[in-house]
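To be precise, the following lines are run.txt, and they hold compact mmCIF, C-alpha atoms and all ligand atoms.
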```txt
# COMPACT_ATOMS: atom_id res chain seq x y z
CA MET A 965 4.78 -9.26 31.76
CA ALA A 966 4.70 -6.70 28.99
CA THR A 967 2.15 -3.94 29.39
CA ARG A 968 2.00 -2.93 25.74
CA THR A 969 -1.30 -3.22 23.93
CA GLN A 970 0.29 -3.78 20.51
CA PRO A 971 2.96 -6.38 19.74
CA ASN A 972 6.56 -5.73 18.72
CA ILE A 973 7.93 -7.81 15.89
CA ILE A 974 11.47 -8.11 14.55
CA ILE A 975 11.85 -8.92 10.86
CA THR A 976 15.45 -9.97 10.42
CA GLY A 977 17.71 -11.78 7.97
CA THR A 978 20.68 -11.22 5.67
CA PRO A 979 20.56 -8.01 3.58
CA GLY A 980 18.48 -8.70 0.45
CA VAL A 981 16.16 -11.35 1.94
CA GLY A 982 13.18 -9.01 1.75
CA LYS A 983 12.91 -7.44 5.22
CA THR A 984 11.92 -3.95 4.12
CA THR A 985 9.42 -5.20 1.53
CA HIS A 986 7.77 -7.45 4.14
CA CYS A 987 7.74 -4.66 6.75
CA GLU A 988 6.12 -2.18 4.39
CA MET A 989 3.34 -4.61 3.46
CA LEU A 990 2.82 -5.57 7.08
CA ALA A 991 2.71 -1.96 8.26
CA GLN A 992 0.12 -1.18 5.63
CA ASN A 993 -2.05 -4.20 6.46
CA THR A 994 -1.83 -4.11 10.26
CA GLY A 995 -1.39 -0.43 11.14
CA LEU A 996 1.78 -1.30 13.06
CA LYS A 997 4.72 1.02 12.59
CA HIS A 998 7.65 0.14 10.34
CA LEU A 999 10.79 0.99 12.32
CA SER A 1000 13.64 0.94 9.84
CA VAL A 1001 16.81 0.74 11.89
CA ASN A 1002 18.79 1.79 8.82
CA ASP A 1003 16.91 5.06 8.73
CA VAL A 1004 17.17 5.59 12.48
CA VAL A 1005 20.95 5.04 12.39
CA LYS A 1006 21.31 7.57 9.60
CA GLU A 1007 18.77 10.19 10.66
CA ARG A 1008 19.50 10.15 14.39
CA GLU A 1009 23.23 9.64 13.84
CA CYS A 1010 23.53 6.48 15.92
CA HIS A 1011 26.89 5.62 14.38
CA GLU A 1012 30.61 6.11 14.74
CA GLY A 1013 31.23 6.92 11.10
CA TRP A 1014 31.22 5.28 7.70
CA ASP A 1015 33.01 2.07 6.77
CA GLU A 1016 34.31 2.72 3.28
CA GLU A 1017 35.17 -0.90 2.44
CA PHE A 1018 31.74 -2.19 3.42
CA LYS A 1019 29.88 0.97 2.43
CA SER A 1020 27.87 0.97 5.62
CA TRP A 1021 27.60 2.86 8.88
CA ILE A 1022 29.45 1.61 11.96
CA VAL A 1023 26.50 1.38 14.32
CA ASP A 1024 26.65 2.72 17.87
CA GLU A 1025 24.33 0.16 19.47
CA ASP A 1026 23.95 1.94 22.81
CA LYS A 1027 22.93 5.15 21.11
CA LEU A 1028 20.56 3.24 18.84
CA LEU A 1029 18.86 1.48 21.76
CA ASP A 1030 18.52 4.73 23.72
CA SER A 1031 17.06 6.38 20.69
CA ILE A 1032 14.31 3.78 20.04
CA GLU A 1033 13.60 2.61 23.60
CA ASP A 1034 10.56 4.78 24.29
CA GLU A 1035 8.75 4.06 21.03
CA VAL A 1036 9.46 0.33 21.14
CA LYS A 1037 8.34 0.01 24.77
CA GLU A 1038 5.03 1.59 23.75
CA GLY A 1039 4.52 -1.36 21.41
CA GLY A 1040 3.32 -1.70 17.84
CA CYS A 1041 6.72 -1.63 16.13
CA ILE A 1042 7.93 -3.79 13.27
CA ILE A 1043 11.71 -3.61 13.60
CA ASP A 1044 13.56 -3.95 10.29
CA TRP A 1045 17.21 -4.83 10.86
CA HIS A 1046 19.85 -7.39 9.87
CA ALA A 1047 20.67 -8.16 13.49
CA CYS A 1048 18.46 -8.96 16.45
CA ASP A 1049 20.64 -9.86 19.44
CA LEU A 1050 20.92 -6.26 20.65
CA PHE A 1051 17.21 -5.83 21.47
CA PRO A 1052 16.22 -6.78 25.04
CA LYS A 1053 14.08 -9.93 25.18
CA SER A 1054 11.39 -8.11 27.15
CA TRP A 1055 10.74 -5.76 24.22
CA ILE A 1056 9.97 -8.44 21.65
CA ASP A 1057 6.93 -10.67 20.98
CA LEU A 1058 7.86 -12.30 17.66
CA VAL A 1059 11.07 -12.72 15.67
CA VAL A 1060 10.74 -13.53 11.97
CA VAL A 1061 13.92 -14.71 10.23
CA LEU A 1062 13.57 -14.48 6.47
CA ARG A 1063 15.60 -16.87 4.32
CA VAL A 1064 16.47 -16.95 0.65
CA GLY A 1065 18.35 -19.20 -1.79
CA SER A 1066 21.90 -18.19 -2.78
CA GLU A 1067 21.18 -17.50 -6.43
CA LYS A 1068 18.30 -15.17 -5.65
CA LEU A 1069 20.33 -13.42 -2.99
CA TYR A 1070 23.27 -13.00 -5.35
CA ASP A 1071 21.02 -11.40 -7.98
CA ARG A 1072 19.35 -9.07 -5.47
CA LEU A 1073 22.65 -7.85 -3.99
CA LYS A 1074 24.24 -7.53 -7.42
CA ALA A 1075 21.31 -5.35 -8.47
CA ARG A 1076 22.14 -3.12 -5.50
CA ASN A 1077 25.75 -2.78 -6.66
CA TYR A 1078 27.13 -4.25 -3.47
CA PRO A 1079 30.95 -4.27 -3.42
CA GLU A 1080 32.36 -7.78 -3.90
CA ALA A 1081 33.57 -8.17 -0.29
CA LYS A 1082 30.19 -7.21 1.11
CA LEU A 1083 28.36 -9.44 -1.36
CA GLN A 1084 30.47 -12.48 -0.48
CA GLU A 1085 30.17 -11.85 3.23
CA ASN A 1086 26.40 -11.72 2.98
CA LEU A 1087 26.15 -14.84 0.82
CA ASP A 1088 28.31 -16.74 3.32
CA SER A 1089 26.24 -15.42 6.20
CA GLU A 1090 23.00 -16.64 4.57
CA ILE A 1091 24.44 -20.07 3.79
CA MET A 1092 25.79 -20.40 7.35
CA GLU A 1093 22.39 -19.39 8.81
CA VAL A 1094 24.07 -16.72 10.93
CA LEU A 1095 20.92 -14.67 11.57
CA LEU A 1096 18.77 -17.72 12.30
CA GLN A 1097 21.31 -18.86 14.87
CA GLU A 1098 21.52 -15.37 16.36
CA ALA A 1099 17.72 -15.26 16.72
CA ARG A 1100 17.62 -18.71 18.32
CA ASP A 1101 20.44 -17.82 20.71
CA SER A 1102 18.80 -14.54 21.74
CA TYR A 1103 15.09 -15.35 22.12
CA ASP A 1104 12.85 -18.17 23.37
CA GLU A 1105 12.37 -20.73 20.63
CA GLU A 1106 8.56 -20.36 20.64
CA ILE A 1107 8.78 -16.81 19.36
CA VAL A 1108 11.30 -17.37 16.55
CA ILE A 1109 9.98 -18.34 13.12
CA GLU A 1110 11.89 -18.96 9.91
CA LEU A 1111 10.15 -18.07 6.63
CA ARG A 1112 11.27 -18.49 3.04
CA SER A 1113 11.35 -15.37 0.84
CA ASP A 1114 12.35 -16.51 -2.66
CA THR A 1115 9.18 -15.55 -4.51
CA THR A 1116 6.39 -12.98 -4.42
CA GLU A 1117 3.93 -15.78 -3.58
CA GLU A 1118 6.02 -16.73 -0.57
CA MET A 1119 6.18 -13.11 0.53
CA GLU A 1120 2.39 -12.76 0.33
CA ALA A 1121 1.90 -15.97 2.28
CA ASN A 1122 4.42 -14.79 4.90
CA VAL A 1123 2.65 -11.46 5.32
CA GLU A 1124 -0.71 -13.21 5.70
CA ARG A 1125 0.72 -15.54 8.29
CA ILE A 1126 2.23 -12.71 10.34
CA GLU A 1127 -1.02 -10.73 10.05
CA ALA A 1128 -2.92 -13.70 11.46
CA TRP A 1129 -0.40 -13.85 14.32
CA VAL A 1130 -0.93 -10.13 15.04
CA LYS A 1131 -4.70 -10.62 15.09
CA GLN A 1132 -4.37 -13.48 17.58
CA TRP A 1133 -1.91 -11.52 19.76
CA ARG A 1134 -4.38 -8.64 19.92
CA LYS A 1135 -7.17 -11.01 20.94
CA ASP A 1136 -5.04 -12.69 23.60
CA ASN A 1137 -3.82 -9.38 25.02
CA SER A 1138 -7.05 -7.41 25.18
CA ASN A 1139 -9.37 -7.35 28.15
P1 LIG A 1201 16.16 -6.27 2.73
O1 LIG A 1201 15.39 -5.16 3.35
O2 LIG A 1201 16.13 -7.55 3.52
O3 LIG A 1201 17.56 -5.90 2.37
P2 LIG A 1201 14.42 -5.79 0.45
O4 LIG A 1201 13.05 -5.85 1.00
O5 LIG A 1201 14.99 -4.44 0.21
O6 LIG A 1201 15.44 -6.66 1.35
O7 LIG A 1201 14.42 -6.66 -0.89
C1 LIG A 1201 15.56 -6.69 -1.75
C2 LIG A 1201 15.08 -6.86 -3.20
O8 LIG A 1201 14.52 -8.15 -3.35
C3 LIG A 1201 13.98 -5.88 -3.59
O9 LIG A 1201 14.19 -5.53 -4.94
C4 LIG A 1201 12.71 -6.69 -3.43
O10 LIG A 1201 11.71 -6.26 -4.31
C5 LIG A 1201 13.17 -8.09 -3.76
N1 LIG A 1201 12.44 -9.11 -2.99
C6 LIG A 1201 12.41 -9.23 -1.64
N2 LIG A 1201 11.70 -10.28 -1.25
C7 LIG A 1201 11.24 -10.88 -2.37
C8 LIG A 1201 10.44 -12.03 -2.61
N3 LIG A 1201 9.97 -12.79 -1.60
N4 LIG A 1201 10.18 -12.36 -3.90
C9 LIG A 1201 10.65 -11.60 -4.90
N5 LIG A 1201 11.42 -10.49 -4.74
C10 LIG A 1201 11.71 -10.13 -3.49
MN MN A 1202 16.09 -3.21 3.96
```
Let me see whether you can do it: turn the structure in this file into structure tokens.
Ligand code: ADP
Ligand code: MN
Amino acid sequence: MATRTQPNIIITGTPGVGKTTHCEMLAQNTGLKHLSVNDVVKERECHEGWDEEFKSWIVDEDKLLDSIEDEVKEGGCIIDWHACDLFPKSWIDLVVVLRVGSEKLYDRLKARNYPEAKLQENLDSEIMEVLLQEARDSYDEEIVIELRSDTTEEMEANVERIEAWVKQWRKDNSN
């Protein structure tokens, strides 16, 4: 049994689905902490260098896990990352997999000036449901939810739904 008094949530999905936007809104509305793994990797140098073709850091997962272990075990973290299978099951209470249609994703990644190889890889990954499968393979099915993130209305509804879940978790875990 977890001893934390606040839940840990992973918000995952292909780059461009809306993870960071969701996390920021959720952090604001719930008081939970937005843990941007991107920032941690950069700031705490949990990487083995820069991949020029993909314009991204080559993550050192062991170093990353060591670096966030204490704060995550305390509870109250919203983890923002495009992978989820590296986090131990015992750390996590809810896994949200955000999904988006191909055209929207294409536009969002294009707006970020993603190199063509990276853009294609991410579009394929979204179509193939890679992150959803990873979440389902790594966590109990009851804690994995899939939410659509095509529109602002959907995002607001998603945030409300997760907030309601947080409220219930707090009720169930207080005594
Ligand atoms: P991620 O962190 O998953 O890469 P972001 O949160 O940075 O995604 O969102 C990428 C872009 O898409 C941002 O410009 C954001 O404003 C926009 N966006 C994300 N989710 C939605 C949504 N549900 N509806 C409309 N625009 C969105
Ligand atoms: Mn992001």
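Put simply, CA of Met1119 (chain A) is 11.6 Å away from CA of Glu988 (chain A).
As for atom N5 of ligand LIG 1201 (chain A) and CA of Asp1071 (chain A), they are spaced 10.2 Å apart.
Distances to ligand MN 1202 (chain A) were evaluated for A:Lys1027, A:Arg1072, A:Arg1100, A:Arg1008 using all atoms listed in the file, and the minimum falls at A:Arg1072.
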Counting all atoms listed in the file, what is within 12 Å of Arg1076 (chain A), bar same-chain residues fewer than 5 positions away, as a PDB file with C-alpha atoms, keeping the file's coordinate frame?
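Output saved as selection-v5.pdb:
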```pdb
ATOM      1  CA  PRO A 979      20.560  -8.010   3.580  1.00  0.00           C
ATOM      2  CA  GLY A 980      18.480  -8.700   0.450  1.00  0.00           C
ATOM      3  CA  LYS A1019      29.880   0.970   2.430  1.00  0.00           C
ATOM      4  CA  LEU A1069      20.330 -13.420  -2.990  1.00  0.00           C
ATOM      5  CA  TYR A1070      23.270 -13.000  -5.350  1.00  0.00           C
ATOM      6  CA  ASP A1071      21.020 -11.400  -7.980  1.00  0.00           C
ATOM      7  CA  LYS A1082      30.190  -7.210   1.110  1.00  0.00           C
ATOM      8  CA  LEU A1083      28.360  -9.440  -1.360  1.00  0.00           C
TER       9      LEU A1083
END
```
List all protein, DNA and RNA residues that have any atom at most 9 Å from ligand LIG 1201 (chain A), counting only C-alpha atoms and all ligand atoms, and write the list as number ranges by chain. A: 975-988, 1044-1046, 1062, 1064, 1068-1069, 1071-1073, 1075-1076, 1112-1120, 1122
Please identify all polymer residues within 8 Å of Asn972 (chain A), counting only C-alpha atoms, omitting same-chain residues fewer than 5 positions from it, and present them as a VMD selection string. chain A and resid 1036 1039 to 1043 1055 to 1058
Between CA of Glu1093 (chain A) and CA of Asn1077 (chain A), what is the spacing in Å?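 These two atoms are separated by 22.9 Å.
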